[in-house]
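K.L.:
Got a file for you: start_21.pdb, PDB, C-alpha atoms.
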ATOM      1  CA  MET M   1       0.000   0.000   0.000
ATOM      2  CA  VAL M   2       1.257   3.467  -0.891
ATOM      3  CA  LYS M   3       2.130   5.593   2.153
ATOM      4  CA  ILE M   4       1.821   9.369   2.080
ATOM      5  CA  LEU M   5       3.212  11.537   4.863
ATOM      6  CA  VAL M   6       1.411  14.836   5.425
ATOM      7  CA  ILE M   7       3.478  17.369   7.385
ATOM      8  CA  ASP M   8       1.256  20.323   8.290
ATOM      9  CA  ASP M   9       0.610  22.145  11.550
ATOM     10  CA  ASP M  10      -3.053  22.738  10.676
ATOM     11  CA  LYS M  11      -5.182  19.803  11.839
ATOM     12  CA  ILE M  12      -8.000  20.783   9.479
ATOM     13  CA  ILE M  13      -5.638  20.562   6.488
ATOM     14  CA  ARG M  14      -4.329  17.199   7.718
ATOM     15  CA  ASP M  15      -7.907  15.935   8.110
ATOM     16  CA  ILE M  16      -8.878  17.114   4.611
ATOM     17  CA  LEU M  17      -5.822  15.493   3.062
ATOM     18  CA  ARG M  18      -6.340  12.294   5.053
ATOM     19  CA  SER M  19      -9.887  12.046   3.748
ATOM     20  CA  GLN M  20      -8.847  12.713   0.147
ATOM     21  CA  PHE M  21      -5.921  10.299   0.208
ATOM     22  CA  GLU M  22      -7.769   7.526   2.035
ATOM     23  CA  GLY M  23     -10.519   7.888  -0.565
ATOM     24  CA  ARG M  24      -7.917   6.722  -3.064
ATOM     25  CA  ALA M  25      -6.793   3.856  -0.802
ATOM     26  CA  TYR M  26      -3.505   5.476   0.280
ATOM     27  CA  ARG M  27      -2.217   4.964   3.803
ATOM     28  CA  VAL M  28      -1.796   8.359   5.455
ATOM     29  CA  LEU M  29       0.837   9.260   8.020
ATOM     30  CA  GLU M  30       0.695  12.637   9.757
ATOM     31  CA  ALA M  31       3.087  15.012  11.457
ATOM     32  CA  ALA M  32       2.183  18.380  12.958
ATOM     33  CA  ASP M  33       5.691  19.866  12.875
ATOM     34  CA  GLY M  34       8.971  19.638  11.029
ATOM     35  CA  ASP M  35      10.882  17.626  13.630
ATOM     36  CA  SER M  36       8.278  14.887  13.892
ATOM     37  CA  GLY M  37       7.879  14.951  10.106
ATOM     38  CA  VAL M  38      11.578  14.251   9.595
ATOM     39  CA  ASN M  39      11.493  11.465  12.198
ATOM     40  CA  THR M  40       8.384   9.905  10.658
ATOM     41  CA  ALA M  41       9.897  10.076   7.182
ATOM     42  CA  ARG M  42      13.040   8.308   8.382
ATOM     43  CA  THR M  43      11.231   5.547  10.244
ATOM     44  CA  GLU M  44       8.236   4.966   7.952
ATOM     45  CA  LYS M  45       9.874   5.703   4.568
ATOM     46  CA  PRO M  46       6.703   6.955   2.858
ATOM     47  CA  ASN M  47       6.287   6.890  -0.915
ATOM     48  CA  LEU M  48       5.483  10.616  -0.958
ATOM     49  CA  ILE M  49       5.601  13.622   1.383
ATOM     50  CA  VAL M  50       3.205  16.567   1.288
ATOM     51  CA  LEU M  51       5.034  19.355   3.117
ATOM     52  CA  ASP M  52       3.624  22.637   4.397
ATOM     53  CA  MET M  53       6.333  25.205   3.791
ATOM     54  CA  SER M  54       5.129  27.575   6.549
ATOM     55  CA  LEU M  55       5.477  25.343   9.588
ATOM     56  CA  PRO M  56       6.256  27.008  12.921
ATOM     57  CA  GLY M  57       9.712  26.275  14.308
ATOM     58  CA  MET M  58      11.392  23.977  11.817
ATOM     59  CA  THR M  59       9.779  25.242   8.604
ATOM     60  CA  GLY M  60       9.307  23.293   5.403
ATOM     61  CA  TRP M  61      12.315  25.189   4.094
ATOM     62  CA  ASP M  62      14.336  23.743   7.018
ATOM     63  CA  VAL M  63      12.895  20.239   6.582
ATOM     64  CA  LEU M  64      13.805  19.899   2.900
ATOM     65  CA  PRO M  65      17.609  19.939   3.217
ATOM     66  CA  VAL M  66      17.405  17.476   6.113
ATOM     67  CA  LEU M  67      15.284  15.096   4.029
ATOM     68  CA  ARG M  68      17.471  15.517   0.942
ATOM     69  CA  SER M  69      20.706  14.881   2.859
ATOM     70  CA  HIS M  70      19.647  11.641   4.574
ATOM     71  CA  PRO M  71      20.054   8.357   2.673
ATOM     72  CA  ASP M  72      16.672   7.026   3.851
ATOM     73  CA  THR M  73      14.710  10.070   2.680
ATOM     74  CA  LYS M  74      16.666  11.744  -0.112
ATOM     75  CA  ALA M  75      14.750  10.032  -2.933
ATOM     76  CA  ILE M  76      11.233  10.467  -1.508
ATOM     77  CA  PRO M  77       9.216  12.834  -3.719
ATOM     78  CA  VAL M  78       8.036  15.993  -1.955
ATOM     79  CA  ILE M  79       5.060  18.167  -2.815
ATOM     80  CA  ALA M  80       5.315  21.673  -1.368
ATOM     81  CA  LEU M  81       1.989  22.832   0.038
ATOM     82  CA  THR M  82       1.752  26.577   0.553
ATOM     83  CA  SER M  83      -0.447  29.628   0.347
ATOM     84  CA  HIS M  84       2.306  31.533  -1.488
ATOM     85  CA  ASP M  85       1.767  31.491  -5.233
ATOM     86  CA  SER M  86       4.350  33.549  -7.045
ATOM     87  CA  PRO M  87       6.825  32.381  -9.675
ATOM     88  CA  VAL M  88       9.649  33.230  -7.260
ATOM     89  CA  ASP M  89       8.109  31.012  -4.544
ATOM     90  CA  ARG M  90       7.715  28.154  -7.030
ATOM     91  CA  ASP M  91      11.301  28.509  -8.257
ATOM     92  CA  GLN M  92      12.650  28.600  -4.704
ATOM     93  CA  ALA M  93      10.685  25.496  -3.738
ATOM     94  CA  HIS M  94      11.956  23.551  -6.738
ATOM     95  CA  ALA M  95      15.519  24.750  -6.139
ATOM     96  CA  ALA M  96      15.242  23.628  -2.503
ATOM     97  CA  GLY M  97      14.287  20.107  -3.575
ATOM     98  CA  CYS M  98      10.502  20.010  -3.944
ATOM     99  CA  ASP M  99       9.282  17.921  -6.844
ATOM    100  CA  ARG M 100       5.886  19.636  -7.194
ATOM    101  CA  TYR M 101       4.205  22.755  -5.834
ATOM    102  CA  VAL M 102       0.523  22.925  -4.818
ATOM    103  CA  THR M 103      -1.106  26.025  -3.392
ATOM    104  CA  LYS M 104      -3.749  26.442  -0.738
ATOM    105  CA  PRO M 105      -6.703  26.392  -0.751
ATOM    106  CA  ILE M 106      -6.271  22.813  -1.861
ATOM    107  CA  GLU M 107      -7.930  21.799  -5.101
ATOM    108  CA  ALA M 108      -8.180  18.006  -5.237
ATOM    109  CA  GLU M 109      -7.689  17.847  -9.009
ATOM    110  CA  ARG M 110      -4.387  19.775  -8.886
ATOM    111  CA  LEU M 111      -3.193  17.826  -5.866
ATOM    112  CA  PHE M 112      -3.887  14.426  -7.397
ATOM    113  CA  LYS M 113      -2.366  15.478 -10.695
ATOM    114  CA  ALA M 114       0.868  16.169  -8.776
ATOM    115  CA  VAL M 115       0.564  12.921  -6.795
ATOM    116  CA  ASP M 116      -0.068  10.870  -9.928
ATOM    117  CA  ALA M 117       2.909  12.460 -11.679
ATOM    118  CA  LEU M 118       5.185  11.450  -8.819
ATOM    119  CA  ILE M 119       3.940   8.024  -7.763
ATOM    120  CA  GLY M 120       1.449   6.976 -10.429
TER     121      GLY M 120
END
Let me see the structure of the file written as structure tokens.

P.N.:
Amino acid sequence: MVKILVIDDDKIIRDILRSQFEGRAYRVLEAADGDSGVNTARTEKPNLIVLDMSLPGMTGWDVLPVLRSHPDTKAIPVIALTSHDSPVDRDQAHAAGCDRYVTKPIEAERLFKAVDALIG
């Protein structure tokens, strides 16, 4: 079964994503902050990570280099999830190691297009 890790401090967003992903028979793992997200990624080795870039404390921007530098997590595709939607934000996210970029509010069609592109 495909595992997707959602790292987002907003429980409502995590609940929405859980519902959408479970509706497609994905197993959903959750983390409410960057530190627990990194730990969960290392122990569970999900097939995909959906990462809020504006986490308090260890932000998504801080999480990415940690994930990309660890042998257990460096190849896991990451979708940046953010409310920032400028070309500069998109370029920075891709340069930092995100594979796709999805903006909030979440549109299921755009999200699943990104998911399908990364894990089929």

K.L.:
If you measure from CA of Arg68 in chain M to CA of Ala93 in chain M, what distance in Å do you get, rounded to one decimal?

P.N.:
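Rounded to one decimal, the two atoms are 12.9 Å apart.
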
K.L.:
To verify the selection step, state as JSON, numbers by chain which residues the PyMOL selection byres ((chain M and resi 73) around 10) yields on this input.

P.N.:
{"M": [38, 41, 42, 43, 44, 45, 46, 47, 48, 49, 64, 66, 67, 68, 69, 70, 71, 72, 74, 75, 76, 77]}

K.L.:
When the PyMOL selection byres ((chain M and resi 96) around 10) is applied to the file above, which residues end up in the set, as a short mmCIF file (atom, residue, chain, number, x, y, z; two decimals) with C-alpha atoms, in the frame of the given file?

P.N.:
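Once everything was written out, this is selection_11.cif:
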data_model
loop_
_atom_site.label_atom_id
_atom_site.label_comp_id
_atom_site.auth_asym_id
_atom_site.auth_seq_id
_atom_site.Cartn_x
_atom_site.Cartn_y
_atom_site.Cartn_z
CA GLY M 60 9.31 23.29 5.40
CA TRP M 61 12.32 25.19 4.09
CA ASP M 62 14.34 23.74 7.02
CA VAL M 63 12.90 20.24 6.58
CA LEU M 64 13.80 19.90 2.90
CA PRO M 65 17.61 19.94 3.22
CA ARG M 68 17.47 15.52 0.94
CA ARG M 90 7.72 28.15 -7.03
CA ASP M 91 11.30 28.51 -8.26
CA GLN M 92 12.65 28.60 -4.70
CA ALA M 93 10.68 25.50 -3.74
CA HIS M 94 11.96 23.55 -6.74
CA ALA M 95 15.52 24.75 -6.14
CA GLY M 97 14.29 20.11 -3.58
CA CYS M 98 10.50 20.01 -3.94
CA ASP M 99 9.28 17.92 -6.84
#

K.L.:
Please measure the separation of CA of Ala114 in chain M and CA of Gly34 in chain M, giving the value in Å to one decimal.

P.N.:
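Between CA of Ala114 in chain M and CA of Gly34 in chain M the gap is 21.7 Å.
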
K.L.:
In Å, with one decimal, what is the gap from CA of Leu29 in chain M to CA of Leu5 in chain M?

P.N.:
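Those two atoms sit 4.6 Å apart.
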
K.L.:
Taking only C-alpha atoms into account, which of M:Thr59, M:Met53, M:Ile119, M:Glu22 comes nearest Asp89 in chain M?

P.N.:
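Under the stated criterion, the closest residue is M:Met53.
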
K.L.:
Which residues would end up in the selection if the PyMOL selection byres ((chain M and resi 13) around 12) were applied here, given that I need the answer as JSON, numbers by chain?

P.N.:
{"M": [6, 7, 8, 9, 10, 11, 12, 14, 15, 16, 17, 18, 19, 20, 30, 31, 32, 50, 51, 52, 81, 82, 104, 105, 106, 107]}

K.L.:
Ranking M:Val88, M:Ile79, M:Ala25, M:Ile4 by minimum distance to Arg110 in chain M and counting only C-alpha atoms, which one comes first?

P.N.:
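Smallest distance to Arg110 in chain M is found for M:Ile79.
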
K.L.:
With distances taken over only C-alpha atoms, which of M:Thr40, M:Lys3, M:Asp116, M:Arg100 is nearest to Val28 in chain M?

P.N.:
M:Lys3

K.L.:
Taking all atoms of range 71-85 of chain M that the file lists, what box with edges along x, y and z, padded by 8 Å per side, do you get, with centre and edge lengths in Å to one decimal, as AutoDock Vina command-line options?

P.N.:
--center_x 9.8 --center_y 19.3 --center_z -0.7 --size_x 36.5 --size_y 40.5 --size_z 25.1
